[in-house]
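Participant: Before I ask anything, here is the structure I am working with.
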Amino acid sequence: MPNISRDEVAHLAKLARLAVTDAELDTFAPQLDVILESVAKVGEVANGKDDAVPPTSHAVPLTNVFRDDVVRPSLTQQEALAGAPAAEDGRFRVPRILGEEPPGWSTRPSEGGPEARPSGRTRKEA
Amino acid sequence: MTVANSAAETMDYDEVLERFDPVMGLEVHVELHTKTKMFCGCQNVFGGEPNTHVCPTCLGLPGALPVLNGVGVESAIRIGLALNCEIAPWCRFARKNYFYPDMPKNFQTSQYDEPIAFDGYLDVVLDDGEMVRVGIERAHMEEDTGKSLHVGGVTGRIHGAEHSLLDYNRAGVPLIEIVTKPIEGMGARVPEVARAYVTALRELLLALDVSDVRMDQGSMRCDANISLMPKGTTEFGTRTETKNVNSLRSVERAVRYEMTRQAAVLVAGGSILQETRHFQEADGTTSPGRPKETSEDYRYFPEPDLVPIAPRAEWIEELRGTLPELPWQRRKRIQTEWNLTDEELRDLFNTGAADLVALTVDAGAPVGEARSWWVQFLTQQANVREIELAELPITPVQVARVIELIAEGKLTNKLAREVVQAVLEGEGGPDEVIAARGLEVVSDDTALNAAVDEALAAQPDVVEKIRGGKVQAAGAIVGAVMKATKGQADAKRVRELILERCQ
């Protein structure tokens with residue numbers, strides 16, 4: 001039975017970059033719980049041992065749709081930056097990034113690693 | 001970054017190994033050198049004016065749809081096959097969700113629980129010739145991210161930066177992530193195994209011609225997961241993941257440092273935080289980064305905009321047929337064909353001479369001579385100049401010509417070295433150097449006879465000795481003749497002429 005905790009909602013809000021107040025957490029936790037419970041009913045139907053239905057990720061039965069490795073025209077720098085709220089030196093300008101760094105892969109030699117920052121934050125480990 | 005690391009922060013390496021068994025896992029990211037990006041037709045090149053190799057797809061503009069690069073998939077399968085992996089008969093891409101401006105889509109298109117290749121191995125050779133089999137957990141496809149430039153901070157780092165500037169030329173470049181199984185039971189040799197593995201993987205990828213594998217340009221990057229378990233236990237300790245390891249030497253240093261750091265923490269009663277650490281090239285230490293996220297935090301789900309990949313068995317076999325001779329097969333063949341000992345084989349590869357020797361042999365030189373020139377004299381010359389052997393300004397054909405001239409008796413070994421030196425100094429090819437410097441061996445007996453007669457006349461006492469049976473005294477005359485001919489005479493022939501005259 002789903003039972004989503006207030007802490008989990010807070011964690012999700014943080015992952016989604018949503019500023020959620022304490023009062024909102026109290027409201028959202030039970031609401032999300034209702035949604036999860038409803039969705040869990042699908043599992044009860046589809047996950048029977050003998051008639052298990054595999055989850056559907058694509059509605060069309062297609063595989064192996066590939067593109068030839070042929071260069072196509074790119075946008076110009078001007079076009080690329082046309083919709084950007086801010087640009088500088090031909091690059092997209094974004095607010096400073098603090099307390100975070102890119103997740104899944106190595107930093108490159110040209111960039112250097114983000115400043116060492118022993119973080120007090122702890123995250124739940126699986 | 002902190003330069004000082006007091007003794008208490010690290011443990012003596014030998015002591016680490018007395019107390020702990022290290023366990024290592026390596027993740028290597030490789031950028032493919034396809035012509036275009038993974039999911040769009042933008043050019044895949046290093047550098048370029050910022051944001052000039054971008055389009056709606058790799059900029060994540062609304063409504064843009066990705067289409068998979070077929071060559072990217074082929075390369076991934078070929079890498080998997082070369083790593084002795086199983087190829088998934090059916091697999092999908094997934095979205096890895098996170099907010100960070102290096103990915104304009106707010107997710108990275110990657111593979112999650114269905115990698116295209118899995119369960120393989122790579123045999124790597126250590127410095128002493130011992131072979132270690134490194135298990136490969138998986139190789140999966142994903143895309144690279146954009147480049148951030150942090151403005152206003154010190155040395156371009158995030159800390160203190162006022163804002164960041166993004167160039168998305170690299171966003172969407174095809175990336176293959178290759179992950180090893182835990183490497184256990186290697187003890188003190190773990191750092192060496194790390195370097196040997198990355199070296200072997202690099203050679204393999206070069207042979208497959210799928211990537212530039214330039215660690216300095218970031219087209220090959222390595223993350224090292226390290227943990228320690230106390231001797232006698234079998235449960236893995238908490239691991240750290242060290243990033244920013246950008247050379248083969250750094251891989252070895254980073255692993256070794258992290259072992260000594262973790263051991264000091266554990267022995268002092270502390271515990272290891274599961275976190276990312278950054279290798280500091282300058283002092284060889286690692287410093288803490290962010291706490292490691294759990295994969296749940298990325299809320300992976302199957303990518304709805306890309307259909308599954310289901311490589312048919314015939315296609316896989318066709319791709320298997322395109323695999324070139326792989327580095328270890330080549331080593332084995334060269335050892336057999338050239339009849340080398342393990343040690344000779346190792347020297348050949350460690351000096352980077354294998355290709356050069358092969359080309360010299362192709363140009364007509366005997367293997368023994370070709371090998372000796374490249375592995376010994378030319379390797380010394382490369383070391384003196386602090387460049388790679390292959391960067392020496394002399395071609396295999398030129399080396400083969402020098403060897404030929406020696407065989408014909410036109411150069412002595414000493415003269416040959418002088419000629420090669422001159423070639424390296426940019427004085428032209430061997431024949432040009434010989435002509436310009438007048439270096440050819442004086443093999444003309446008439447010229448030699450004159451020099452010999454002169455030397456004999458100058459030292460009648462020595463002549464008496466030789467006539468009296470003291471043949472070794474001839475050395476003095478040989479020396480005089482060599483001096484008179486500026487070292488260009490064949491010493492052996494000179495000696496013969498002297499003895500003929502003294503009979």
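Naming scheme: A, B, ... for chains in displayed order of the structure tokens; residues 1 onward per chain; ligands 1 onward as shown.
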For Gln31 in chain A, list every protein, DNA or RNA residue within 12 Å, evaluated using only C-alpha atoms, and leave out those in the same chain fewer than 4 positions away; present the list as a PyMOL selection string.

Facilitator: chain A and resi 2-6+9+24-27+35-38

Participant: Just want the 12 Å neighbourhood of Glu464 in chain B, counted on only C-alpha atoms, with same-chain residues fewer than 3 positions away dropped. Output as a compact mmCIF listing (two decimals) with N, CA and C atoms, in the first residue's frame.

Facilitator:
# COMPACT_ATOMS: atom_id res chain seq x y z
N LEU B 456 101.65 2.43 -40.10
CA LEU B 456 102.67 1.43 -39.82
C LEU B 456 104.05 2.08 -39.79
N ALA B 457 104.28 2.98 -40.74
CA ALA B 457 105.57 3.65 -40.83
C ALA B 457 105.81 4.50 -39.60
N GLN B 459 104.87 3.89 -36.59
CA GLN B 459 105.05 3.14 -35.34
C GLN B 459 105.79 1.81 -35.60
N PRO B 460 107.05 1.88 -35.98
CA PRO B 460 107.79 0.65 -36.32
C PRO B 460 107.89 -0.33 -35.14
N ASP B 461 107.94 0.21 -33.91
CA ASP B 461 108.04 -0.67 -32.75
C ASP B 461 106.83 -1.58 -32.62
N ARG B 467 104.82 -8.61 -35.58
CA ARG B 467 105.60 -9.63 -36.29
C ARG B 467 106.09 -10.68 -35.31
N GLY B 468 106.31 -10.22 -34.06
CA GLY B 468 106.77 -11.16 -33.04
C GLY B 468 105.64 -12.01 -32.47
N GLY B 469 104.42 -11.85 -33.00
CA GLY B 469 103.31 -12.71 -32.58
C GLY B 469 102.30 -12.01 -31.68
N LYS B 470 102.58 -10.78 -31.25
CA LYS B 470 101.62 -10.08 -30.39
C LYS B 470 100.55 -9.39 -31.25
N VAL B 471 99.61 -10.22 -31.74
CA VAL B 471 98.59 -9.73 -32.68
C VAL B 471 97.74 -8.62 -32.08
N ALA B 473 98.52 -6.20 -30.43
CA ALA B 473 99.14 -4.88 -30.54
C ALA B 473 98.62 -4.12 -31.77
N ALA B 474 98.02 -4.85 -32.71
CA ALA B 474 97.49 -4.22 -33.92
C ALA B 474 96.46 -3.15 -33.60
N LEU B 499 97.27 -6.83 -40.57
CA LEU B 499 97.84 -8.16 -40.36
C LEU B 499 98.46 -8.71 -41.64
N ARG B 501 99.95 -7.03 -43.92
CA ARG B 501 101.24 -6.37 -44.12
C ARG B 501 102.31 -6.82 -43.14
N CYS B 502 101.92 -7.27 -41.99
CA CYS B 502 102.89 -7.60 -40.95
C CYS B 502 103.31 -9.07 -40.98
N GLN B 503 102.83 -9.79 -41.99
CA GLN B 503 103.18 -11.21 -42.01
C GLN B 503 104.61 -11.43 -42.44

Participant: Give me, as number ranges by chain, the contact residues of chain B against chain A at a cut-off of 7 Å, counting only C-alpha atoms.

Facilitator: B: 35-36, 41-43, 50-55, 67-71, 100, 157-159, 161-167, 216-218, 221, 223, 243-244, 246, 278, 287-290, 294, 302, 304, 307-310

Participant: Based on DSSP run over this structure's backbone, return all residues of range 283-322 of chain B in strand (DSSP E or B), as an mmCIF file with N, CA and C atoms, in the first residue's frame.

Facilitator:
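part.cif, freshly written:
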data_model
loop_
_atom_site.group_PDB
_atom_site.id
_atom_site.type_symbol
_atom_site.label_atom_id
_atom_site.label_comp_id
_atom_site.auth_asym_id
_atom_site.auth_seq_id
_atom_site.Cartn_x
_atom_site.Cartn_y
_atom_site.Cartn_z
ATOM 1 N N THR B 285 45.831 14.648 -4.938
ATOM 2 C CA THR B 285 44.865 14.267 -3.908
ATOM 3 C C THR B 285 43.450 14.299 -4.500
ATOM 4 N N THR B 286 42.472 13.892 -3.685
ATOM 5 C CA THR B 286 41.082 14.028 -4.099
ATOM 6 C C THR B 286 40.380 14.906 -3.075
ATOM 7 N N SER B 287 39.371 15.656 -3.529
ATOM 8 C CA SER B 287 38.634 16.497 -2.592
ATOM 9 C C SER B 287 37.147 16.206 -2.765
ATOM 10 N N PRO B 288 36.372 16.413 -1.691
ATOM 11 C CA PRO B 288 34.968 16.003 -1.744
ATOM 12 C C PRO B 288 34.143 16.842 -2.693
ATOM 13 N N GLY B 289 33.185 16.211 -3.370
ATOM 14 C CA GLY B 289 32.251 16.910 -4.243
ATOM 15 C C GLY B 289 30.872 16.780 -3.644
ATOM 16 N N ARG B 290 29.944 16.300 -4.463
ATOM 17 C CA ARG B 290 28.574 16.198 -3.959
ATOM 18 C C ARG B 290 28.309 14.801 -3.418
ATOM 19 N N PRO B 291 27.298 14.680 -2.542
ATOM 20 C CA PRO B 291 26.894 13.335 -2.127
ATOM 21 C C PRO B 291 26.323 12.618 -3.345
ATOM 22 N N PHE B 301 12.681 6.986 -16.922
ATOM 23 C CA PHE B 301 11.559 6.273 -17.542
ATOM 24 C C PHE B 301 11.866 6.098 -19.023
ATOM 25 N N PRO B 302 11.243 5.116 -19.677
ATOM 26 C CA PRO B 302 11.576 4.842 -21.082
ATOM 27 C C PRO B 302 11.316 6.069 -21.946
ATOM 28 N N ILE B 309 15.409 -0.530 -29.770
ATOM 29 C CA ILE B 309 16.437 -1.030 -30.685
ATOM 30 C C ILE B 309 16.443 -2.548 -30.564
#

Participant: Which residues come within 10 Å of Val265 in chain B, counting only C-alpha atoms, excluding same-chain residues fewer than 4 positions away, as a VMD selection string?

Facilitator: chain B and resid 8 to 11 260 to 261 269 to 272

Participant: Could you tell me, as a list in words, which residues of range 50-118 of chain B DSSP assigns to helix (DSSP H, G or I) when given the backbone?

Facilitator: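 Listing helix (DSSP H, G or I) positions across range 50-118 of chain B yields Gly70, Val71, Gly72, Val73, Glu74, Ser75, Ala76, Ile77, Arg78, Ile79, Gly80, Leu81 and Ala82 of chain B.
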
Participant: Counting only C-alpha atoms, which of B:Val151, B:Val23, B:Leu204, B:Val198 gets nearest to Gln329 in chain B?

Facilitator: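 The answer is B:Leu204, which sits nearest to Gln329 in chain B.
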